[in-house]
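*Asks:* Sharing data-v3.txt, compact mmCIF, C-alpha atoms:
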```
# COMPACT_ATOMS: atom_id res chain seq x y z
CA MET F 1 -0.45 -28.12 -12.56
CA SER F 2 -3.70 -29.00 -10.86
CA THR F 3 -5.80 -26.86 -8.56
CA GLY F 4 -8.06 -28.29 -5.93
CA ALA F 5 -11.19 -26.36 -6.74
CA PRO F 6 -12.55 -26.07 -10.28
CA GLU F 7 -11.83 -22.73 -11.92
CA PRO F 8 -15.04 -21.92 -13.78
CA GLN F 9 -13.69 -18.77 -15.39
CA GLY F 10 -10.55 -20.42 -16.71
CA ARG F 11 -8.56 -17.73 -15.01
CA PHE F 12 -5.54 -19.90 -14.45
CA ARG F 13 -5.33 -20.68 -18.15
CA ARG F 14 -4.95 -16.94 -18.64
CA LEU F 15 -1.77 -16.98 -16.57
CA ARG F 16 0.05 -18.61 -19.51
CA LEU F 17 1.27 -15.14 -20.46
CA ILE F 18 1.47 -12.18 -18.09
CA VAL F 19 2.70 -8.97 -19.67
CA ILE F 20 4.24 -6.71 -17.03
CA THR F 21 4.37 -2.98 -17.69
CA ASP F 22 7.49 -0.85 -17.63
CA SER F 23 7.13 2.82 -18.45
CA ASP F 24 10.82 3.24 -19.36
CA LEU F 25 10.76 0.36 -21.83
CA ALA F 26 7.41 1.47 -23.23
CA ALA F 27 8.69 5.02 -23.85
CA PRO F 28 8.11 7.01 -25.90
CA ARG F 29 4.90 5.12 -26.65
CA GLY F 30 3.34 5.18 -23.20
CA VAL F 31 2.20 2.21 -21.14
CA VAL F 32 -1.46 2.60 -22.10
CA ALA F 33 -0.62 2.55 -25.82
CA VAL F 34 1.63 -0.50 -25.58
CA VAL F 35 -0.87 -2.37 -23.41
CA GLY F 36 -3.50 -1.56 -26.03
CA GLN F 37 -1.37 -3.28 -28.68
CA VAL F 38 -0.69 -6.17 -26.35
CA LEU F 39 -4.38 -6.70 -25.73
CA ARG F 40 -5.21 -6.55 -29.44
CA ALA F 41 -2.72 -9.37 -29.88
CA GLY F 42 -4.65 -11.43 -27.35
CA ALA F 43 -2.51 -11.15 -24.19
CA PRO F 44 -4.54 -12.92 -21.49
CA ALA F 45 -3.05 -11.08 -18.47
CA VAL F 46 -1.43 -7.71 -17.73
CA GLN F 47 0.33 -6.61 -14.57
CA LEU F 48 0.97 -2.98 -13.69
CA ARG F 49 4.41 -2.50 -12.21
CA ASP F 50 5.71 0.98 -11.50
CA LYS F 51 8.02 1.62 -8.57
CA GLY F 52 8.33 5.32 -9.32
CA LEU F 53 4.87 6.87 -9.34
CA PRO F 54 3.07 7.68 -6.08
CA PRO F 55 -0.27 5.91 -5.54
CA ARG F 56 -2.24 9.05 -6.32
CA GLN F 57 -0.81 9.07 -9.83
CA LEU F 58 -0.75 5.30 -10.24
CA LEU F 59 -4.45 4.88 -9.51
CA PRO F 60 -5.74 6.60 -12.68
CA LEU F 61 -3.31 4.51 -14.76
CA ALA F 62 -4.38 1.35 -12.94
CA ARG F 63 -8.04 2.16 -13.55
CA ARG F 64 -7.39 2.81 -17.23
CA LEU F 65 -5.58 -0.52 -17.60
CA ARG F 66 -8.37 -2.21 -15.65
CA ASP F 67 -10.93 -0.89 -18.12
CA ASP F 68 -8.84 -1.85 -21.12
CA THR F 69 -8.06 -5.36 -19.89
CA ARG F 70 -11.69 -5.95 -18.95
CA GLY F 71 -12.74 -4.88 -22.42
CA ALA F 72 -10.32 -7.41 -23.87
CA GLY F 73 -11.22 -10.21 -21.47
CA ALA F 74 -7.77 -10.18 -19.90
CA LEU F 75 -6.82 -10.49 -16.25
CA PHE F 76 -5.37 -7.42 -14.57
CA PHE F 77 -2.89 -7.48 -11.70
CA VAL F 78 -1.21 -4.73 -9.71
CA ASN F 79 2.27 -5.22 -8.34
CA ASP F 80 3.10 -4.80 -4.63
CA ARG F 81 0.17 -2.68 -3.44
CA LEU F 82 -2.98 -4.49 -2.39
CA ASP F 83 -4.82 -1.27 -1.60
CA LEU F 84 -4.11 0.10 -5.06
CA ALA F 85 -5.15 -3.20 -6.63
CA LEU F 86 -8.46 -3.14 -4.74
CA ALA F 87 -9.05 0.52 -5.52
CA ALA F 88 -8.52 -0.14 -9.22
CA GLY F 89 -10.81 -3.15 -9.23
CA ALA F 90 -7.96 -5.44 -10.32
CA ASP F 91 -8.35 -9.21 -10.46
CA GLY F 92 -5.36 -9.64 -8.22
CA VAL F 93 -2.15 -8.43 -6.67
CA HIS F 94 1.36 -9.71 -7.10
CA LEU F 95 3.42 -9.70 -3.92
CA GLY F 96 7.11 -10.19 -3.23
CA PRO F 97 9.10 -11.04 -0.12
CA GLU F 98 9.26 -7.37 0.97
CA ASP F 99 5.54 -6.74 0.51
CA LEU F 100 2.58 -7.48 2.71
CA PRO F 101 2.60 -11.22 3.56
CA VAL F 102 0.31 -13.42 1.50
CA ALA F 103 -1.78 -14.45 4.51
CA ALA F 104 -2.39 -10.83 5.44
CA ALA F 105 -3.37 -9.95 1.88
CA ARG F 106 -5.66 -12.96 1.71
CA ARG F 107 -7.53 -11.84 4.81
CA ILE F 108 -8.10 -8.33 3.46
CA ALA F 109 -8.94 -9.24 -0.13
CA PRO F 110 -12.46 -10.23 -1.14
CA PRO F 111 -13.26 -13.82 -2.17
CA GLY F 112 -12.01 -14.67 -5.65
CA PHE F 113 -9.33 -12.00 -5.62
CA LEU F 114 -6.06 -13.51 -6.87
CA VAL F 115 -2.87 -13.28 -4.86
CA GLY F 116 0.40 -14.06 -6.62
CA TYR F 117 3.73 -14.39 -4.89
CA SER F 118 7.34 -14.32 -6.06
CA ALA F 119 9.27 -17.37 -4.89
CA ASP F 120 12.54 -18.68 -6.23
CA ASP F 121 12.67 -22.00 -4.40
CA ALA F 122 10.31 -24.81 -3.50
CA ALA F 123 10.17 -24.06 0.22
CA ALA F 124 9.19 -20.43 -0.32
CA ALA F 125 6.63 -21.47 -2.93
CA ARG F 126 5.05 -24.05 -0.64
CA GLY F 127 4.93 -21.55 2.20
CA ALA F 128 3.21 -19.00 0.01
CA VAL F 129 0.65 -21.51 -1.23
CA ALA F 130 -0.04 -22.65 2.32
CA ALA F 131 -0.63 -18.98 3.18
CA GLY F 132 -3.12 -18.68 0.34
CA ALA F 133 -1.21 -17.73 -2.82
CA ASP F 134 -3.12 -18.53 -6.02
CA TYR F 135 -0.06 -18.66 -8.23
CA ILE F 136 3.71 -18.37 -7.99
CA GLY F 137 5.99 -16.15 -10.04
CA CYS F 138 9.35 -17.93 -10.18
CA GLY F 139 12.65 -16.52 -11.31
CA PRO F 140 14.70 -14.98 -12.60
CA VAL F 141 14.78 -18.02 -14.87
CA PHE F 142 17.35 -16.39 -17.13
CA THR F 143 19.60 -13.40 -16.57
CA THR F 144 17.70 -10.17 -17.00
CA GLY F 145 18.48 -6.51 -17.15
CA THR F 146 14.97 -5.32 -16.28
CA LYS F 147 15.12 -5.71 -12.51
CA ALA F 148 18.30 -4.41 -10.94
CA ASP F 149 17.61 -6.30 -7.70
CA ALA F 150 16.51 -9.56 -9.31
CA GLY F 151 19.60 -11.54 -8.31
CA ALA F 152 21.29 -14.39 -10.17
CA ALA F 153 19.36 -16.55 -12.60
CA ILE F 154 17.92 -19.69 -11.02
CA GLY F 155 17.73 -21.63 -14.28
CA LEU F 156 15.19 -24.02 -15.79
CA GLY F 157 16.01 -26.86 -13.41
CA ARG F 158 15.00 -24.89 -10.33
CA LEU F 159 11.94 -23.55 -12.12
CA GLY F 160 10.90 -27.16 -12.73
CA GLU F 161 11.48 -28.03 -9.06
CA VAL F 162 9.28 -25.17 -7.94
CA ALA F 163 6.60 -26.08 -10.49
CA ARG F 164 6.52 -29.65 -9.19
CA SER F 165 6.46 -28.57 -5.56
CA VAL F 166 3.08 -26.84 -5.57
CA ASP F 167 -0.35 -27.49 -7.05
CA VAL F 168 -0.97 -23.93 -8.21
CA PRO F 169 0.26 -22.42 -11.48
CA VAL F 170 3.93 -21.46 -11.52
CA VAL F 171 4.83 -18.68 -13.94
CA GLY F 172 8.43 -18.34 -15.09
CA ILE F 173 9.81 -14.80 -15.07
CA GLY F 174 13.15 -13.16 -15.77
CA GLY F 175 14.81 -12.93 -19.15
CA VAL F 176 11.96 -14.80 -20.87
CA THR F 177 11.91 -14.17 -24.62
CA VAL F 178 10.03 -15.53 -27.59
CA ARG F 179 13.04 -17.72 -28.26
CA ASN F 180 13.37 -19.34 -24.81
CA SER F 181 9.73 -19.35 -23.73
CA LEU F 182 9.15 -22.86 -25.03
CA GLN F 183 11.82 -24.08 -22.58
CA VAL F 184 9.98 -22.36 -19.74
CA PHE F 185 6.82 -24.31 -20.50
CA ALA F 186 8.82 -27.48 -21.08
CA ALA F 187 10.35 -27.11 -17.63
CA GLY F 188 6.87 -27.34 -16.14
CA ALA F 189 5.74 -23.74 -15.86
CA ALA F 190 2.09 -22.97 -16.48
CA GLY F 191 3.02 -19.63 -18.01
CA CYS F 192 5.55 -16.95 -18.71
CA ALA F 193 5.73 -13.43 -17.34
CA VAL F 194 7.57 -10.97 -19.55
CA VAL F 195 8.66 -7.38 -19.25
CA SER F 196 11.21 -6.35 -21.85
CA ALA F 197 10.31 -9.05 -24.39
CA VAL F 198 7.03 -7.21 -24.92
CA MET F 199 7.27 -3.72 -23.40
CA GLY F 200 10.61 -3.15 -25.05
CA ALA F 201 9.72 -4.82 -28.35
CA ARG F 202 9.63 -2.76 -31.51
CA ASN F 203 6.42 -4.65 -32.34
CA PRO F 204 4.68 -5.62 -29.08
CA GLU F 205 1.73 -7.20 -30.92
CA ARG F 206 3.97 -9.60 -32.77
CA ALA F 207 5.92 -10.39 -29.59
CA VAL F 208 2.70 -11.32 -27.81
CA ARG F 209 1.50 -13.46 -30.71
CA ASP F 210 4.82 -15.30 -30.85
CA LEU F 211 4.81 -15.87 -27.09
CA LEU F 212 1.24 -17.14 -27.17
CA ARG F 213 2.16 -19.53 -29.97
CA ALA F 214 5.01 -20.91 -27.87
CA GLY F 215 2.57 -21.43 -24.98
CA THR F 216 0.18 -23.30 -27.26
CA GLU F 217 2.87 -25.51 -28.72
CA ALA F 218 4.25 -26.34 -25.30
CA PRO F 219 3.44 -29.77 -23.86
CA GLY F 220 0.88 -30.19 -21.08
CA MET X 221 -16.09 20.99 15.73
CA SER X 222 -19.33 19.10 15.36
CA THR X 223 -19.89 15.81 13.59
CA GLY X 224 -23.20 14.89 11.99
CA ALA X 225 -23.60 11.43 13.47
CA PRO X 226 -23.14 10.76 17.16
CA GLU X 227 -19.85 9.12 18.02
CA PRO X 228 -20.77 6.53 20.65
CA GLN X 229 -17.20 5.47 21.29
CA GLY X 230 -15.93 9.00 21.74
CA ARG X 231 -13.33 8.29 19.12
CA PHE X 232 -13.09 11.87 17.97
CA ARG X 233 -12.36 13.03 21.49
CA ARG X 234 -9.33 10.74 21.34
CA LEU X 235 -7.97 12.76 18.43
CA ARG X 236 -7.05 15.56 20.86
CA LEU X 237 -3.54 14.13 20.91
CA ILE X 238 -2.05 11.92 18.20
CA VAL X 239 1.48 10.75 18.88
CA ILE X 240 3.24 9.93 15.61
CA THR X 241 6.15 7.51 15.68
CA ASP X 242 9.63 8.22 14.37
CA SER X 243 12.25 5.52 14.75
CA ASP X 244 15.16 7.95 14.41
CA LEU X 245 13.86 10.22 17.14
CA ALA X 246 12.95 7.26 19.33
CA ALA X 247 16.45 5.78 19.04
CA PRO X 248 18.14 4.23 20.87
CA ARG X 249 15.00 3.40 22.84
CA GLY X 250 12.97 1.82 20.06
CA VAL X 251 9.50 2.81 18.88
CA VAL X 252 7.74 0.09 20.88
CA ALA X 253 9.40 1.19 24.11
CA VAL X 254 8.60 4.88 23.61
CA VAL X 255 5.03 4.13 22.60
CA GLY X 256 4.74 2.06 25.76
CA GLN X 257 5.72 5.08 27.83
CA VAL X 258 3.39 7.27 25.82
CA LEU X 259 0.46 4.95 26.46
CA ARG X 260 1.20 4.76 30.17
CA ALA X 261 0.93 8.53 30.21
CA GLY X 262 -2.54 8.28 28.70
CA ALA X 263 -1.97 9.18 25.04
CA PRO X 264 -5.34 8.63 23.36
CA ALA X 265 -4.04 8.01 19.81
CA VAL X 266 -0.86 6.72 18.15
CA GLN X 267 0.07 6.79 14.48
CA LEU X 268 2.75 4.59 12.96
CA ARG X 269 4.82 6.49 10.45
CA ASP X 270 7.87 4.90 8.88
CA LYS X 271 8.89 5.71 5.33
CA GLY X 272 11.93 3.45 5.45
CA LEU X 273 10.82 -0.06 6.32
CA PRO X 274 9.24 -2.33 3.71
CA PRO X 275 5.69 -3.54 4.47
CA ARG X 276 6.88 -7.01 5.41
CA GLN X 277 8.91 -5.55 8.26
CA LEU X 278 6.42 -2.83 9.12
CA LEU X 279 3.54 -5.24 9.64
CA PRO X 280 4.92 -6.94 12.79
CA LEU X 281 5.64 -3.50 14.28
CA ALA X 282 2.16 -2.29 13.33
CA ARG X 283 0.58 -5.35 14.93
CA ARG X 284 2.59 -4.87 18.09
CA LEU X 285 1.54 -1.23 18.32
CA ARG X 286 -2.04 -2.29 17.58
CA ASP X 287 -1.99 -4.67 20.51
CA ASP X 288 -0.39 -2.15 22.83
CA THR X 289 -2.76 0.68 21.90
CA ARG X 290 -5.77 -1.59 22.23
CA GLY X 291 -4.61 -2.64 25.66
CA ALA X 292 -4.41 1.03 26.63
CA GLY X 293 -7.71 2.01 25.04
CA ALA X 294 -5.97 4.24 22.48
CA LEU X 295 -6.72 4.65 18.80
CA PHE X 296 -4.15 3.32 16.35
CA PHE X 297 -3.51 4.74 12.90
CA VAL X 298 -1.11 3.75 10.13
CA ASN X 299 0.34 6.37 7.83
CA ASP X 300 -0.02 6.17 4.02
CA ARG X 301 -0.74 2.47 3.52
CA LEU X 302 -4.34 1.37 3.73
CA ASP X 303 -3.49 -2.28 3.13
CA LEU X 304 -1.00 -2.26 5.98
CA ALA X 305 -3.50 -0.50 8.22
CA LEU X 306 -6.15 -3.12 7.46
CA ALA X 307 -3.70 -6.00 7.88
CA ALA X 308 -2.68 -4.66 11.29
CA GLY X 309 -6.27 -4.18 12.42
CA ALA X 310 -5.72 -0.45 12.87
CA ASP X 311 -8.58 1.92 13.65
CA GLY X 312 -7.70 4.04 10.66
CA VAL X 313 -5.27 5.26 8.05
CA HIS X 314 -3.81 8.70 7.55
CA LEU X 315 -3.47 9.72 3.91
CA GLY X 316 -1.69 12.58 2.20
CA PRO X 317 -1.99 14.16 -1.24
CA GLU X 318 0.37 11.57 -2.82
CA ASP X 319 -1.42 8.58 -1.33
CA LEU X 320 -4.49 6.70 -2.38
CA PRO X 321 -7.37 9.19 -2.69
CA VAL X 322 -9.77 9.38 0.27
CA ALA X 323 -12.76 8.24 -1.79
CA ALA X 324 -10.88 5.14 -2.97
CA ALA X 325 -9.77 4.33 0.57
CA ARG X 326 -13.30 4.83 1.84
CA ARG X 327 -14.66 2.30 -0.64
CA ILE X 328 -12.12 -0.36 0.32
CA ALA X 329 -12.20 0.17 4.09
CA PRO X 330 -14.82 -1.51 6.26
CA PRO X 331 -17.55 0.57 7.96
CA GLY X 332 -16.28 2.49 10.96
CA PHE X 333 -12.69 2.53 9.76
CA LEU X 334 -11.29 6.04 10.15
CA VAL X 335 -9.72 7.88 7.23
CA GLY X 336 -7.64 10.97 7.98
CA TYR X 337 -6.29 13.33 5.38
CA SER X 338 -3.56 15.99 5.36
CA ALA X 339 -4.87 19.31 4.07
CA ASP X 340 -3.29 22.72 4.49
CA ASP X 341 -6.12 24.87 3.19
CA ALA X 342 -9.90 25.04 3.46
CA ALA X 343 -10.61 23.93 -0.11
CA ALA X 344 -8.50 20.79 0.21
CA ALA X 345 -10.05 20.04 3.59
CA ARG X 346 -13.59 20.43 2.28
CA GLY X 347 -12.78 18.22 -0.71
CA ALA X 348 -11.39 15.52 1.54
CA VAL X 349 -14.41 15.63 3.84
CA ALA X 350 -16.76 15.45 0.87
CA ALA X 351 -14.81 12.37 -0.26
CA GLY X 352 -15.29 10.78 3.14
CA ALA X 353 -12.44 11.88 5.40
CA ASP X 354 -13.21 11.52 9.10
CA TYR X 355 -10.68 14.05 10.26
CA ILE X 356 -8.13 16.48 8.85
CA GLY X 357 -4.48 16.81 9.74
CA CYS X 358 -3.57 20.44 9.11
CA GLY X 359 -0.11 21.91 8.94
CA PRO X 360 2.68 22.49 9.32
CA VAL X 361 1.29 24.95 11.85
CA PHE X 362 4.79 25.93 12.98
CA THR X 363 8.16 25.36 11.35
CA THR X 364 9.36 21.82 11.88
CA GLY X 365 12.51 19.86 11.31
CA THR X 366 10.84 16.43 11.40
CA LYS X 367 9.48 16.32 7.87
CA ALA X 368 11.94 17.46 5.23
CA ASP X 369 9.16 17.88 2.64
CA ALA X 370 6.65 19.57 4.93
CA GLY X 371 6.90 23.01 3.31
CA ALA X 372 6.55 26.41 4.94
CA ALA X 373 4.53 26.86 8.11
CA ILE X 374 0.91 27.84 7.49
CA GLY X 375 0.43 29.48 10.89
CA LEU X 376 -2.38 29.55 13.42
CA GLY X 377 -4.61 31.79 11.30
CA ARG X 378 -4.82 29.31 8.46
CA LEU X 379 -5.28 26.45 10.91
CA GLY X 380 -8.30 28.30 12.27
CA GLU X 381 -9.70 28.85 8.78
CA VAL X 382 -9.41 25.14 8.01
CA ALA X 383 -10.98 24.21 11.35
CA ARG X 384 -13.96 26.48 10.65
CA SER X 385 -14.36 25.20 7.08
CA VAL X 386 -15.28 21.60 7.89
CA ASP X 387 -17.47 19.82 10.42
CA VAL X 388 -14.97 17.06 11.23
CA PRO X 389 -12.11 17.31 13.73
CA VAL X 390 -9.08 19.24 12.52
CA VAL X 391 -5.80 18.26 14.13
CA GLY X 392 -2.90 20.72 14.07
CA ILE X 393 0.46 19.23 13.14
CA GLY X 394 3.96 20.52 12.53
CA GLY X 395 6.24 21.98 15.18
CA VAL X 396 3.65 21.50 17.92
CA THR X 397 5.22 21.50 21.38
CA VAL X 398 4.00 21.51 24.95
CA ARG X 399 4.60 25.24 24.95
CA ASN X 400 2.58 26.16 21.84
CA SER X 401 -0.09 23.47 21.92
CA LEU X 402 -2.53 25.68 23.81
CA GLN X 403 -2.45 28.09 20.86
CA VAL X 404 -3.31 25.22 18.51
CA PHE X 405 -6.44 24.45 20.48
CA ALA X 406 -7.24 28.14 20.85
CA ALA X 407 -7.09 28.51 17.06
CA GLY X 408 -9.94 26.01 16.77
CA ALA X 409 -8.19 22.68 16.35
CA ALA X 410 -9.76 19.63 17.97
CA GLY X 411 -6.35 18.17 18.65
CA CYS X 412 -2.62 18.19 18.18
CA ALA X 413 -0.45 15.69 16.35
CA VAL X 414 3.13 15.56 17.52
CA VAL X 415 6.27 13.79 16.42
CA SER X 416 9.44 15.21 17.93
CA ALA X 417 7.73 16.79 20.97
CA VAL X 418 7.12 13.26 22.23
CA MET X 419 9.26 10.80 20.26
CA GLY X 420 12.31 13.00 20.69
CA ALA X 421 11.58 13.95 24.30
CA ARG X 422 13.96 12.86 27.01
CA ASN X 423 10.85 12.02 29.05
CA PRO X 424 8.04 11.03 26.65
CA GLU X 425 5.61 10.29 29.51
CA ARG X 426 5.92 13.79 30.89
CA ALA X 427 5.64 15.30 27.41
CA VAL X 428 2.37 13.44 26.85
CA ARG X 429 0.99 14.46 30.25
CA ASP X 430 1.86 18.09 29.61
CA LEU X 431 0.27 18.00 26.14
CA LEU X 432 -2.88 16.38 27.51
CA ARG X 433 -3.10 19.06 30.18
CA ALA X 434 -2.89 21.75 27.51
CA GLY X 435 -5.72 20.03 25.61
CA THR X 436 -7.85 19.93 28.76
CA GLU X 437 -7.24 23.57 29.62
CA ALA X 438 -8.03 24.70 26.10
CA PRO X 439 -11.39 26.36 25.46
CA GLY X 440 -14.22 24.48 23.67
```
Go ahead and express the file in the form of structure tokens.

*Replies:*
Amino acid sequence: MSTGAPEPQGRFRRLRLIVITDSDLAAPRGVVAVVGQVLRAGAPAVQLRDKGLPPRQLLPLARRLRDDTRGAGALFFVNDRLDLALAAGADGVHLGPEDLPVAAARRIAPPGFLVGYSADDAAAARGAVAAGADYIGCGPVFTTGTKADAGAAIGLGRLGEVARSVDVPVVGIGGVTVRNSLQVFAAGAAGCAVVSAVMGARNPERAVRDLLRAGTEAPG
Amino acid sequence: MSTGAPEPQGRFRRLRLIVITDSDLAAPRGVVAVVGQVLRAGAPAVQLRDKGLPPRQLLPLARRLRDDTRGAGALFFVNDRLDLALAAGADGVHLGPEDLPVAAARRIAPPGFLVGYSADDAAAARGAVAAGADYIGCGPVFTTGTKADAGAAIGLGRLGEVARSVDVPVVGIGGVTVRNSLQVFAAGAAGCAVVSAVMGARNPERAVRDLLRAGTEAPG
């Protein structure tokens, strides 16, 4: 991975592990509690994903996670909703094919605001980067039970293709575990995004530490 | 109604009739076609409301309606989604109690961008105005079949209370028809917002003309 402009804050390095929230998997502990553990373990990025709560109720949660991630020096992303991300003071938004287009988000967002995009092939990834995406979430790399609509696994080969096709960080997502995360990095990804491997872990702190170790041991 | 600052563009006057889209009611004619008729009849404001389409598909429709309303000199609002409203270049967004709070929207939106809020009592209306709302949508004034979750009608008396409680325009919504719109103005509203009375009309142009006539004949 190489990005045209220098990244003084090392933000892209923090994309090596994105922990995505899931209130069902976090239960009965609560998303805020689990994210607290995750941050104590050194998670460099957290993404709020909640398809159920209306924005009015999501905003206080987003603001709480923004405060907690800032205190820990971690990046904070909001899924889908750019307006919510901006209102919460997030570092970025993660968009999918059904959301606001990347170019539209880019025009609304202030300078330096990160826009991520989900792409499962090289053409979609290149299109998103041309439109202004700062990083690509690529998957599902492995089969996953977290996202009902995630589709069939694309595998490590395709992940590698996508990673080679763009000059922004590509983060592997979908069924990533402590055990297989090394393969994700080996395939060329700059990072892993995980949901159940951390939010559903009995010990989220240990899961984050193990995942970070895999990222450190990975080549490149 | 009186607003503190002068409104050089007469935008608030254009709130006397807000036509809200509904793709089911517009069918088989299509929202764009019906809005076209509506604009030819002189509708001063149009609001895109569609709870079904994902943002990626809503944006092209929003941009089309933005172009058409601009061409006709009408205001254009988007329901619920501030990011979509900004991406479409709308004049404003209309928010409800489940959406992003008015104060949060105000901070994100550029100067001059209009923020409307749905409030069915004086306290909620005053709170929204204090948070920065430019106008209030108040209802349902009459019983309506358009919005399944709209709740019981609040009546003309309550509409009047809300209108007297704030110094921004209050627009009556919910079951407003050509026949009862004069009562809405008489109760103190600055305007009417209609869905089925126009989108479901056999002749939307005539419905708009009749509603505009009622607004002109109304006192104040």

*Asks:* One decimal, Å: what's the distance from CA of Asp99 in chain F over to CA of Ala128 in chain F, could you say?

*Replies:*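 So the answer is 12.5 Å.
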
*Asks:* Could you list, as a list in words, every residue within 12 Å of Val166 in chain F, counting only C-alpha atoms and ignoring same-chain residues fewer than 5 positions away?

*Replies:*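 With the cut-off at 12 Å, the set is Met1, Ser2, Thr3, Gly4, Ala119, Asp121, Ala122, Ala123, Ala124, Ala125, Arg126, Gly127, Ala128, Val129, Ala130, Gly132, Ala133, Asp134, Tyr135, Ile136, Gly137, Cys138, Leu159, Gly160, Glu161, Val171, Gly188, Ala189 and Ala190 of chain F.
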
*Asks:* Separation of CA of Leu212 in chain F and CA of Asp24 in chain F, in Å?

*Replies:*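 For CA of Leu212 in chain F relative to CA of Asp24 in chain F, the distance reads 23.8 Å.
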
*Asks:* Within 12 Å of Pro204 in chain F, counting only C-alpha atoms, which residues qualify if same-chain residues fewer than 4 places away don't, as a compact mmCIF listing (two decimals) with C-alpha atoms, in the frame of the given file?

*Replies:*
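Heads up, here's the output in out.txt:
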```
# COMPACT_ATOMS: atom_id res chain seq x y z
CA VAL F 19 2.70 -8.97 -19.67
CA THR F 21 4.37 -2.98 -17.69
CA LEU F 25 10.76 0.36 -21.83
CA ALA F 26 7.41 1.47 -23.23
CA ARG F 29 4.90 5.12 -26.65
CA VAL F 31 2.20 2.21 -21.14
CA ALA F 33 -0.62 2.55 -25.82
CA VAL F 34 1.63 -0.50 -25.58
CA VAL F 35 -0.87 -2.37 -23.41
CA GLY F 36 -3.50 -1.56 -26.03
CA GLN F 37 -1.37 -3.28 -28.68
CA VAL F 38 -0.69 -6.17 -26.35
CA LEU F 39 -4.38 -6.70 -25.73
CA ARG F 40 -5.21 -6.55 -29.44
CA ALA F 41 -2.72 -9.37 -29.88
CA GLY F 42 -4.65 -11.43 -27.35
CA ALA F 43 -2.51 -11.15 -24.19
CA VAL F 178 10.03 -15.53 -27.59
CA VAL F 194 7.57 -10.97 -19.55
CA VAL F 195 8.66 -7.38 -19.25
CA SER F 196 11.21 -6.35 -21.85
CA ALA F 197 10.31 -9.05 -24.39
CA VAL F 198 7.03 -7.21 -24.92
CA MET F 199 7.27 -3.72 -23.40
CA GLY F 200 10.61 -3.15 -25.05
CA VAL F 208 2.70 -11.32 -27.81
CA ARG F 209 1.50 -13.46 -30.71
CA ASP F 210 4.82 -15.30 -30.85
CA LEU F 211 4.81 -15.87 -27.09
```

*Asks:* Of the residues X:Ala413, X:Ala282, X:Ala307, X:Ala351, which is the one nearest to chain F, using all atoms listed in the file?

*Replies:*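 So, comparing all the options, the nearest one is X:Ala307.
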
*Asks:* Can you work out which one of X:Pro331, X:Gly309, X:Gly250, X:Pro389 has the shortest atom-to-atom distance to chain F, counting all atoms listed in the file?

*Replies:*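 The answer is X:Gly309, which sits nearest to chain F.
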